[in-house]
Structure formats: structure tokens, C-alpha cells
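Trainee: First the structure, which I've put down as C-alpha cells, then a few questions once you've had a look.
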Amino acid sequence: MNVFKKLFKIFGPVLIAALLLFIFLISPFGVKNISQTTIQKAALSQSPNVFKGTAVKEAAMSQNYVPFFGSSELSRMDALHPSVLAQKYHRDYRPFLLGSPGTQSLTHYWGMQGIRKQLTNKKAVFIISPQWFVKKGVDPNAFSFYYSNLETVEWLRQAGNTRMDRYAASRLLTMPSASSSETLEKCILKVAAGQQLSSTEKTYLDLKYNMLKHEDQMFSMLTLKDKRSLIETGEKQLPDTYNTAKLNKIAENLGKANTTNNRFNVDNNFWNKRLKKSYQKLRNEQSNFSYIKSVEYSDFELVLNQFAKQNTNVLFIIPPINQKWADYTGLSMNMIHQFNRKIKYQLNSQGFNNVVDLSDDGSSPYFMQDTIHLGWKGWLKVDQYVNPFLSKKQKAPNYKINNYFYTKNWQQKENISLD
Amino acid sequence: MPNIQPYQNPTYFLILGVALLPIMIGMLFGKKLHWYQTLISFAFLVLTFGGVKWEQGIALIGYIVFEVCLIGLYHLYRKKKNATWVFCSAVILAIIPLVIVKVTPAFENGQVALIGFLGISYLTFKVVQMIMEIRDGIIKEFKPWLVLQFLLFFPTISSGPIDRYRRFVKDYNKIVTRDKYLNLLDKAVWYIFLGFLYKFILAYYFGSRLQPMVAQLALSHGGMSWWVVAYTYVYSMHLFFDFAGYSLFAVGISYIMGIETPMNFNRPFKAHNIKDFWNRWHMTLSFWFRDYIYMRLVFFIMKNKLIKSRITIANLGYLTLFLIMGFWHGVTWYYIVYGLFHACAIILCDAWLRFKKKHQARIPSNKFTEGLAIFITFNTVCFSFLIFSGFLNVLFFHGTLN
């Protein structure tokens with residue numbers, strides 16, 4: 001056999017593979033159609049692949065899907081969950097659930113990068129968990145779990161010398177995820193220092209963007225958790241027409257039926273799996289918990305700043321804490337009220353006026369599905385605000401971002417009064 | 001200055017591919033570009049031991065100067081005399097840096113020794129082997145340049161396979177025919193791509209996806225649970241695919257450079273017994289231990305008639321070999337227990353094989369017994385890897401990951 005033939009036999013497949021890889025990953029061509037089924041599944045899946053990617057989110061939000069930012073409460077899919085109500089009563093909107101256990105402000109800020117366009121002049125719902133506001137904010141491991149370089153590349157391609165971008169960069173640098181790529185880390189460092197990216201770096205980002213984008217298009221939808229049956233089960237438990245009194249009764253009955261094995265009005269399954277064995281150790285365990293001084297306040301400012309930049313009209317929801325559980329674990333209500341005042345000050349003073357504070361509802365039975373997560377009656381109450389907000393036309397927001405909220409001073413501030 | 005660890009990412013392979021191109025073309029035309037090979041070897045060493053790892057680079061230079069001088073001096077001495085104590089001192093001196101590196105973390109609260117660098121173990125194996133063969137009189141000449149080429153051969157520097165000096169030098173000097181070289185290239189590409197599958201897909205999946213998950217579940221359950229069993233197999237798969245993948249890269253790249261570095265793995269999980277397993281798992285290491293520790297100890301005992309029973313001699317040999325291997329992995333209880341476990345397993349295995357031979361007529365041997373043997377061996381090995389992983393240490397004594 002001649003040498004070239006033999007060489008081709010050896011290296012041909014390698015070259016062809018490299019070429020195919022180039023065509024599929026680095027070249028700007030090749031967009032995959034995303035089916036309605038995929039979008040439906042993705043909107044409910046809460047899967048990290050969907051969260052980290054952009055393809056499905058973009059596709060869904062250019063239709064009638066509205067992002068519901070939050071965390072673990074979003075997975076409490078009982079019959080009164082926003083996704084069930086929207087589908088059952090054929091609302092104009094469908095929730096796209098963004099968040100699962102461990103997602104916090106910083107995670108959401110990065111998750112928003114791929115859908116900036118889709119957020120512009122649109123509406124969104126954002127559920128704030130007081131539990132995020134611990135001293136050091138988001139756990140680096142949890143952050144890594146929902147982080148992707150795609151988001152960072154999207155962000156770097158438009159980042160400038162603004163307080164928001166510098167703060168975001170410096171926060172990202174404290175996470176292990178920032179060092180996943182040397183070139184990206186260098187770019188992030190430059191943004192943190194308020195420097196311009198070089199043209200080589202910009203070209204690199206463009207190529208990397210194509211690559212990651214295609215990777216996302218091809219792989220992020222491969223293994224979606226299908227939770228549609230949960231929604232259908234929920235739908236079957238609801239009356240055909242929307243009637244608040246009737247729904248309230250159903251929520252009450254469901255709550256009663258599912259909280260029979262403990263004295264805290266906590267869902268039976270949650271109790272068996274998470275608390276039964278350990279609850280005795282938890283008595284008074286939260287008496288020195290505080291959500292007042294936290295870096296999370298500035299991380300949250302990033303989210304607000306992004307919403308303001310995109311002129312997104314956002315409904316914020318502050319859920320309560322199960323009162324019985326809070327009493328048992330010794331969580332200070334005084335502290336919770338302080339937290340509420342602080343977060344509301346941050347929202348209201350910058351023009352975010354659609355804030356639903358449910359913190360006084362923690363003692364209402366079946367409002368919470370377990371210790372800190374909204375459930376049956378809680379979801380119904382949320383719907384009383386969400387539905388009109390999303391179904392009716394709203395006044396355009398007028399936001400005034402204040403960089404003070406990025407400072408340590410604000411993070412550490414106590415005793416805020418609302419007037 | 002950038003720093004890339006060997007075979008760490010696609011970038012490394014890309015740079016490597018470009019750098020090796022002139023060597024390939026040269027080899028196809030029957031030319032060995034030794035000067036160029038030295039140049040890129042140096043460049044890749046700088047890439048691995050430079051930049052943020054410069055301290056390791058200094059340590060490597062110091063180590064190499066020391067060991068090459070030692071080999072040279074011993075060679076000089078050996079030409080005239082052959083006292084046992086000088087030989088022993090030379091071996092002890094050769095392994096002192098490695099001993100310091102291995103012992104420091106145990107006594108300094110996990111701190112790493114300053115004189116350590118990536119691959120010090122594998123270099124030490126090569127040096128000890130040379131000293132022993134100089135004593136045997138098989139290595140007759142001392143050529144510092146070739147010794148350097150052998151020790152610092154960059155494709156295998158970080159984790160083997162452990163080559164032999166005489167074999168390496170033969171390949172280094174030999175001109176390969178075009179047909180033979182094309183065959184080598186063919187194998188090289190196959191090994192490297194198999195390595196990709198092993199290291200970047202399978203080892204990644206087992207090691208970075210499954211392992212943290214089962215580890216977390218096992219820890220949150222606490223004590224013994226099925227999750228520990230799951231961890232055992234997941235870790236074993238990770239260990240194999242990671243190391244086998246790495247070894248395939250090293251062998252593949254060596255082939256491209258015209259050096260036929262020996263293979264490190266030969267389907268280890270198909271082994272019929274522990275002895276068979278060690279002939280298939282990390283082969284260059286187990287053969288090194290066999291040739292330079294086990295055999296030498298056995299000969300020493302027999303020559304001096306210290307013990308009569310051949311069986312006792314063999315068992316003592318195994319015990320010594322695996323204990324040293326355990327200590328070599330690191331001075332922690334689980335590495336040492338791992339060594340003892342394998343020593344016991346192989347002693348038992350030997351006893352069983354003797355028993356089987358005696359009662360050949362009455363012990364069945366068929367497809368089923370073969371399957372059973374493979375099954376038992378596989379599980380024994382996986383259990384030993386659970387010990388080796390140190391996970392039990394975390395589970396029993398710490399309860400959390402870091």
C-alpha cells in the first residue's frame with residue numbers, strides 16, 4: 001500500500017472528526033428546532049442543564065412563557081402550584097420555572113445572561129427566600145452546579161466598566177467556577193478591574209460562544225425530567241371554573257390530608273424523609289440564625305440591576321416561614337421582620353413596587369407545604385397576585401438603580417425603617 | 001507563563017500534535033531528529049513544571065542532578081569493585097528523596113515536601129532499576145546524555161509506564177523502517193483515541209459525575225450502607241479508566257516518537273485470580289516490584305539459606321513487596337492496609353492454586369467456574385480499591401468531605 005493511502009487510513013478519521021466537530025461546534029451555522037413538547041417539559045423540569053443553557057429558555061420566552069425565578073419552593077408541585085393553575089384555567093401565560101434547591105441571587109443573575117433579550121420590556125415573577133441571606137450568601141458548590149461558561153461568555157461579550165459588571169466579576173472570581181478556563185478567568189479579571197478586553201479576547205469569546213451555544217442546543221435537552229404528569233394530576237383535583245372559595249376549600253382539604261403524621265403541618269413525605277429522624281435535635285437550633293447581614297443583598301442588587309437594564313416588570317414575592325416550625329426551632333420573628341424591612345427598602349427605594357409580602361401568613365394552616373416552602377393555600381394566595389399581574393396590562397416600571405446597594409455598608413446594615 | 005499538566009485538556013493534545021509533526025515526518029523518511037526531540041521534550045517539561053509550578057521545576061532539576069551524579073559515581077565505583085554495602089548505600093541514597101516526599105505529609109499535618117514534584121516516584125523507580133542493573137553488570141556503560149533522555153522522557157514522566165533503561169536506549173537509537181513506523185502510528189492513534197474514551201468520557205462520568213453523588217449519599221447515610229457498595233464500584237471504574245486512559249496516552253505518544261513504551265494494563269477485570277490480576281493491572285509497576293524487590297529478596301534468602309520452605313519464602317516475598325507498595329502510595333493506614341490486603345489475597349491465592357493442583361481430578365473446571373473466578377477476583381479487587389480510596393477514612397473518622 002502506498003504511504004499516503006496508509007497515512008490517510010490512520011489520520012483520515014481523525015481529520016474528518018475534527019472537521020465535523022468544527023462544523024457542528026465552532027461554525028456559526030446549525031440551529032436545531034425546539035419542539036413544543038421539549039419546551040413544556042423544560043418549563044417544569046427545573047433541570048440544571050436547562051438553567052445553565054439558553055436555547056430552551058430563549059425559545060420558550062419568545063412564546064407565552066414567563067420566567068418564575070425562585071428556588072426549592074418551585075418544586076412543591078401540588079394542585080395549587082402556579083404551573084397547574086395556569087394550565088387548568090387556560091391563562092395567557094405559562095410559568096417557566098427557573099430555580100431549584102441551591103439557586104440564589106448570584107445564580108439567577110448569571111442565569112439571566114442568556115435571556116436578556118427575552119426579558120426586555122417583559123414581565124417576570126421572582127420569589128425571594130429569606131434563607132438565601134446568610135452571611136456568605138450562595139454556597140460555592142451549589143453555585144458551580146448551576147453555573148456554565150456559556151452564561152459567562154454571554155455576559156463577557158457585553159460587559160463594560162459599570163458598577164454592576166465589576167461587582168459581578170469580582171463575585172464570580174470568589175467562586176471555583178471562575179477558574180474553569182484560564183482565558184475566561186483572565187477576561188473576568190479584566191472586567192473586575194474595569195479594563196477593556198483585547199480584540200483577540202473578543203474573537204476568542206465569539207468562537208467560544210458559537211461552540212458553547214451549539215453544545216447547549218445539542219445536549220441540554222437530552223435528559224429532561226418529565227414532570228408533566230404531576231401537573232396533570234394536579235389539574236384533575238381542581239374544579240372546571242376558577243372559584244376562589246372552592247379552590248380555598250380544596251387547598252385546605254389537600255393540606256389536611258397530607259399533613260397527618262406530625263404536629264407542625266409539614267407534608268407527610270417531607271416529614272418522613274427529612275425531619276422524622278432528626279427533628280428532636282433541631283429544637284431551638286435556629287435561635288441565632290440571622291438573615292440581616294449578608295453579601296446576598298448585593299448579589300440581589302445584581303438581579304435588580306439586570307431587571308432595570310432590561311426594563312422587566314417584576315412581581316416579587318416574599319414567602320413566610322411555617323410558624324409552628326419557626327417557634328419550635330427558635331427562629332427569631334423579630335429578625336424576620338427586620339429582614340423584610342431591609343429587602344423591601346432595597347426594592348421600593350429603587351422603584352420595584354410590585355412586592356407581595358406574605359410573611360404574616362406563616363401561622364395560617366396549610367399555607368406552607370413544609371417548613372419554609374409555599375404549598376396549597378400559599379400557592380393559591382400567590383395566584384391572587386400573580387394572575388392579575390400577568391394577565392392584565394401593567395404600568396411601565398420606572399427604576400432608579402442605586403449603587404449604594406453594592407457596598408459592604410449596605411450588606412452589614414441593621415435596623416432599617418421603611419419611611 | 002502558562003502551565004499545562006500532561007494530557008490535561010484538548011489544548012495539550014493540540015500543541016502536542018503540532019510539536020510531534022516534524023518527528024513524524026522525519027521518522028517516515030527514516031531519520032531520527034534527536035536534537036528536535038530534545039528541544040520539544042524540554043519545552044513540554046517547561047510547560048508542565050514551569051509557570052505556577054516553578055517550585056516543582058526547581059525540585060526536578062535538583063533531583064535529576066543528584067540522581068544522575070549518583071548513578072555516575074556508582075558506575076565508576078562498580079567498574080573497580082563490588083561491595084554490597086556500597087550498593088546498598090547507593091540504593092538508599094537514590095530513594096531518600098522519595099522517602100522524604102512520602103513521609104513528610106504524615107508528619108507535617110498533610111503538608112507537602114518542598115523537594116517533591118509530579119512523577120518523583122516514577123523517576124525513582126527508573127533510577128533504582130539502573131543502579132541494580134549496573135551492579136548486575138548488565139548496564140556496562142554510563143552515558144549521561146542517554147540517562148537524561150531516559151529519565152526525562154516527557155510522555156511518561158508524570159505517571160509512567162515505567163520503562164527499562166536498556167529497552168529504551170535500544171529504541172532511542174534504532175532507525176525504524178517506514179512500514180514498521182506506519183504500524184506504530186496506526187497503533188498510536190488508536191491508543192490515544194481509546195484513551196480519550198477512557199479518560200475524558202468514562203473516567204469523567206464515573207469520577208466527576210457519579211462519585212461525588214454516591215459519596216455524598218454514603219456520608220449523609222453514615223456508617224455502612226449500600227451507598228458504600230456503590231461507591232466501591234464507581235471508584236474502581238474511575239480509578240481504572242482514569243489511569244488506563246492516561247497510560248494509553250503515554251504509550252501512544254511514545255510510539256509516535258519511535259519508543260515502544262510497554263503497556264500498563266491488559267484487561268485487568270478479566271483476571272481469574274489475584275496473581276493474574278497483578279499481571280494485568282499497572283503492569284510496569286508490578287513487574288518492577290517483581291524483578292527488583294520480590295525476586296531479589298527470594299534469591300537473597302535462598303542463597304543465604306535463611307529459610308528452607310519455598311512456600312514461606314514466596315509468602316515473605318509477597319508480604320514485603322505489597323507492604324513496600326503500600327508505603328510507597330503514602331504513609332496512611334489505608335494504603336498500608338491495602339498493601340497487606342493484597343499480600344494476604346495473593347498468599348491465599350497461591351495456597352488455593354497448590355490445593356487445586358493436588359486435587360485436580362476432583363475440582364471441576366468449566367465456563368461456570370471460570371466466570372465465578374472472575375467474579376470473585378473482580379469483587380476482591382474492587383473491595384481493595386475501596387480501602388485504597390481513603391473513603392473509609394472519611395466515613396469512619398471525619399464524616400464529611402473536607
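Going through the C-alpha cells in order, the chains are called A, B, and so on, while each chain numbers its residues from 1 and the ligands are numbered from 1 in the order shown.
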Residues of chain B no more than 10 Å from chain A, counting only C-alpha atoms: send them over as number ranges by chain.
Mentor: B: 2, 28, 178-179, 182-183, 185-190, 193
Trainee: Restricted to N, CA and C atoms, what would the selected residues look like written as a short mmCIF file (atom, residue, chain, number, x, y, z; two decimals), in the first residue's frame?
Mentor:
data_model
loop_
_atom_site.label_atom_id
_atom_site.label_comp_id
_atom_site.auth_asym_id
_atom_site.auth_seq_id
_atom_site.Cartn_x
_atom_site.Cartn_y
_atom_site.Cartn_z
N PRO B 2 2.31 30.08 30.87
CA PRO B 2 1.23 29.10 31.02
C PRO B 2 1.74 27.80 31.64
N LEU B 28 9.17 9.03 9.07
CA LEU B 28 8.69 8.43 7.81
C LEU B 28 9.81 8.38 6.77
N ARG B 178 9.96 2.33 7.37
CA ARG B 178 8.73 3.09 7.15
C ARG B 178 7.50 2.24 7.47
N ASP B 179 7.48 1.00 7.03
CA ASP B 179 6.32 0.14 7.31
C ASP B 179 6.09 -0.06 8.79
N LEU B 182 4.74 3.12 10.24
CA LEU B 182 3.32 3.32 9.95
C LEU B 182 2.46 2.47 10.88
N ASN B 183 2.93 1.25 11.16
CA ASN B 183 2.20 0.41 12.10
C ASN B 183 2.16 1.03 13.49
N LEU B 185 2.35 4.22 14.17
CA LEU B 185 1.44 5.37 14.12
C LEU B 185 0.00 4.91 14.22
N ASP B 186 -0.30 3.84 13.48
CA ASP B 186 -1.64 3.29 13.49
C ASP B 186 -2.06 2.96 14.92
N LYS B 187 -1.17 2.24 15.60
CA LYS B 187 -1.47 1.87 16.99
C LYS B 187 -1.57 3.11 17.87
N ALA B 188 -0.67 4.06 17.64
CA ALA B 188 -0.64 5.26 18.48
C ALA B 188 -1.98 6.00 18.41
N VAL B 189 -2.49 6.19 17.18
CA VAL B 189 -3.75 6.91 17.04
C VAL B 189 -4.87 6.15 17.74
N TRP B 190 -4.86 4.84 17.58
CA TRP B 190 -5.88 4.01 18.23
C TRP B 190 -5.79 4.13 19.75
N PHE B 193 -6.97 7.61 20.99
CA PHE B 193 -8.42 7.81 20.95
C PHE B 193 -9.14 6.91 21.95
#
Trainee: Would you mind writing down, as a ChimeraX atom specification, each residue of stretch 69-204 of chain B that DSSP on the backbone assigns to helix (DSSP H, G or I)?
Mentor: /B:69-80,84-107,120-136,144-151,154-156,165-173,178-204
Trainee: Contacts of stretch 160-162 of chain A at 9 Å or less, counting only C-alpha atoms, minus same-chain residues fewer than 2 places along, as a VMD selection string?
Mentor: chain A and resid 156 to 158 164 to 167 191 to 196
Trainee: Would you pick out the contacts of A:Asn340 at 10 Å or less, using only C-alpha atoms, so that residues sharing its chain but fewer than 6 positions from it are not included, and give the list as a PyMOL selection string?
Mentor: chain A and resi 130+291-292+318+334+346+357-359+416+418
Trainee: Using C-alpha atoms, can you write the selected residues to a file as a tab-separated table (two decimals), in the first residue's frame?
Mentor:
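What follows is the written file part32.tsv:
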chain	number	residue	atom	x	y	z
A	130	PRO	CA	-35.05	34.82	53.30
A	291	TYR	CA	-30.64	36.99	57.59
A	292	ILE	CA	-29.80	40.63	58.20
A	318	ILE	CA	-41.55	37.18	49.93
A	334	ASN	CA	-38.06	39.97	65.11
A	346	GLN	CA	-33.88	47.87	48.73
A	357	ASP	CA	-45.09	40.31	51.41
A	358	LEU	CA	-46.63	37.10	52.70
A	359	SER	CA	-44.51	36.96	55.84
A	416	ILE	CA	-33.86	49.72	58.53
A	418	LEU	CA	-39.35	51.86	55.90
Trainee: Record the distance separating atom CA of B:Tyr205 and atom CA of B:Asn379, expressed in Å with one decimal.
Mentor: 20.9 Å
Trainee: My list of candidates is B:Trp85, B:Phe368, B:Phe378, B:Tyr172. Which is closest to B:Phe269 when distances are computed with only C-alpha atoms?
Mentor: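 Of B:Trp85, B:Phe368, B:Phe378, B:Tyr172, the one nearest B:Phe269, counting only C-alpha atoms, is B:Phe378.
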Trainee: Any idea what's packed within 8 Å of A:Asn210, counting only C-alpha atoms, ignoring anything in its chain fewer than 4 positions away? Could you give it as a PyMOL selection string?
Mentor: chain A and resi 25-28+206+214
Trainee: Near B:Ile134, counting only C-alpha atoms, which residues have an atom at most 10 Å away, once you skip same-chain residues fewer than 3 positions from it, shown as a list in words?
Mentor: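 What passes the distance filter is Ile71, Tyr74, His75, Leu76, Arg78, Lys79, Phe87, Val128, Gln129, Met130, Ile131, Gly137, Ile138, Ile139, Lys140, Glu141 and Phe142 of chain B.
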Trainee: Excluding stretch 242-252 of chain A and residues on its chain fewer than 4 positions from it, collect all residues at most 8 Å away from it, counting only C-alpha atoms, and give them as a list in words.
Mentor: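 Using only C-alpha atoms, the neighbours found are Ala79, Leu80, Tyr89, Gln237, Leu238, Lys256, Tyr366, Trp376, Lys377 and Leu380 of chain A.
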Trainee: Pull C-alpha atoms from the residues just selected and write them as a short mmCIF file (atom, residue, chain, number, x, y, z; two decimals), in the first residue's frame.
Mentor:
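part-v7.cif, freshly written:
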data_model
loop_
_atom_site.label_atom_id
_atom_site.label_comp_id
_atom_site.auth_asym_id
_atom_site.auth_seq_id
_atom_site.Cartn_x
_atom_site.Cartn_y
_atom_site.Cartn_z
CA ALA A 79 -52.68 21.16 42.74
CA LEU A 80 -52.40 24.88 43.51
CA TYR A 89 -57.59 27.78 33.61
CA GLN A 237 -58.13 17.81 41.55
CA LEU A 238 -59.40 21.26 40.52
CA LYS A 256 -55.18 18.44 55.87
CA TYR A 366 -51.66 24.64 55.00
CA TRP A 376 -51.52 24.56 48.91
CA LYS A 377 -53.06 27.71 50.38
CA LEU A 380 -53.40 29.99 45.97
#
